[in-house]
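Here the structure is laid out as structure tokens; the discussion comes afterwards.
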Amino acid sequence: MGPYTSFSAVDGSPVTGALAIPEGLDVMAQWVPCIAAGDVDALTEKALSLDAQIMILPKTIEAIGRFALLRDPTGALFGFLEPAR
């Protein structure tokens, strides 16, 4: 994964973030909604039981939090993010 930039609301609360596309990775730029999660691993298991496909296994990203990327049965990408404290 490339560098991550986070964006905050005026009051300082986190709103969104962006990952740079790593050099050599042949993908189009896109927006992928991430759903705030209290337990990324449990939600990932639930999504898989509902026929989602795993794109990135749950992993901890330093200073960001625990993250997983999935594809729903219709092909749409979405992520789960449990922000770092």
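Naming works like this for the structure tokens: A, B, ... for the chains as they're shown, residue 1 at the start of each chain, ligands 1 onward in shown order.
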Worksheet item: Near A:Leu69, counting only C-alpha atoms, which residues have an atom at most 10 Å away, once you skip same-chain residues fewer than 2 positions from it, shown as a list in words?
Response: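 Answer for this query is Val32, Pro33, Cys34, Thr44, Gln53, Ile54, Met55, Ile56, Leu57, Pro58, Lys59, Phe67, Arg71, Leu77, Phe78, Gly79, Phe80 and Leu81 of chain A.
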Discussion item. Can you tell me, as a list in words, which residues in chain A count as alpha helix (DSSP H) by DSSP?
Written reply: Val40, Asp41, Ala42, Leu43, Thr44, Glu45, Lys46, Ala47, Leu48 and Ser49 of chain A
Worksheet item: Between A:Lys46, A:Ala52, A:Ala76, A:Pro14, which one has atoms that come closest to A:Trp31, using only C-alpha atoms?
Response: A:Ala76
Discussion item. Between atom CA of A:Ala84 and atom CA of A:Ile64, what distance in Å does the model show, to one decimal?
Written reply: 5.3 Å
Discussion item. When you count only C-alpha atoms, which of these residues is closest to A:Asp41: A:Pro3, A:Met28, A:Arg66, A:Ser8?
Written reply: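 Residue with the minimum atom-to-atom distance to A:Asp41: A:Arg66.
Relative to atom CA of A:Ser13, atom CA of A:Glu62 is found at 18.7 Å.
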Practice prompt. Step one, run DSSP on the backbone; step two, keep only residues of chain A assigned to strand (DSSP E); then write them as a PyMOL selection string.
Written response: chain A and resi 4-8+14-19+34-36+53-61+65-71+77-83
Worksheet item: Between A:Ile21, A:Ala36, A:Pro83, A:Asp26, which one has atoms that come closest to A:Ile61, using only C-alpha atoms?
Response: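 Of A:Ile21, A:Ala36, A:Pro83, A:Asp26, the one nearest A:Ile61 is A:Pro83, counting only C-alpha atoms.
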Discussion item. For a test of reading the model, state the distance in Å between atom CA of A:Gly65 and atom CA of A:Glu82, rounded to one decimal.
Written reply: 5.5 Å
Discussion item. Measuring between only C-alpha atoms, which one of A:Thr16, A:Ala29, A:Leu70, A:Ala63 shows the shortest distance to A:Leu48?
Written reply: A:Leu70
Pick out the residues sitting within 7 Å of A:Tyr4, and hand them over as a PDB file with N, CA and C atoms, in the first residue's frame; count only C-alpha atoms, and ignore anything fewer than 6 positions along from it in its own chain.
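Contents of out-v3.pdb, freshly written:
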```pdb
ATOM      1  N   GLY A  17      -9.879   9.490   4.111  1.00  0.00           N
ATOM      2  CA  GLY A  17      -8.461   9.344   3.847  1.00  0.00           C
ATOM      3  C   GLY A  17      -8.250   8.898   2.413  1.00  0.00           C
ATOM      4  N   ALA A  18      -7.009   8.957   1.979  1.00  0.00           N
ATOM      5  CA  ALA A  18      -6.680   8.569   0.612  1.00  0.00           C
ATOM      6  C   ALA A  18      -5.342   7.844   0.601  1.00  0.00           C
ATOM      7  N   LEU A  19      -5.280   6.794  -0.205  1.00  0.00           N
ATOM      8  CA  LEU A  19      -4.036   6.063  -0.427  1.00  0.00           C
ATOM      9  C   LEU A  19      -3.509   6.413  -1.804  1.00  0.00           C
ATOM     10  N   ALA A  20      -2.218   6.639  -1.905  1.00  0.00           N
ATOM     11  CA  ALA A  20      -1.601   6.823  -3.212  1.00  0.00           C
ATOM     12  C   ALA A  20      -1.472   5.461  -3.873  1.00  0.00           C
TER      13      ALA A  20
END
```
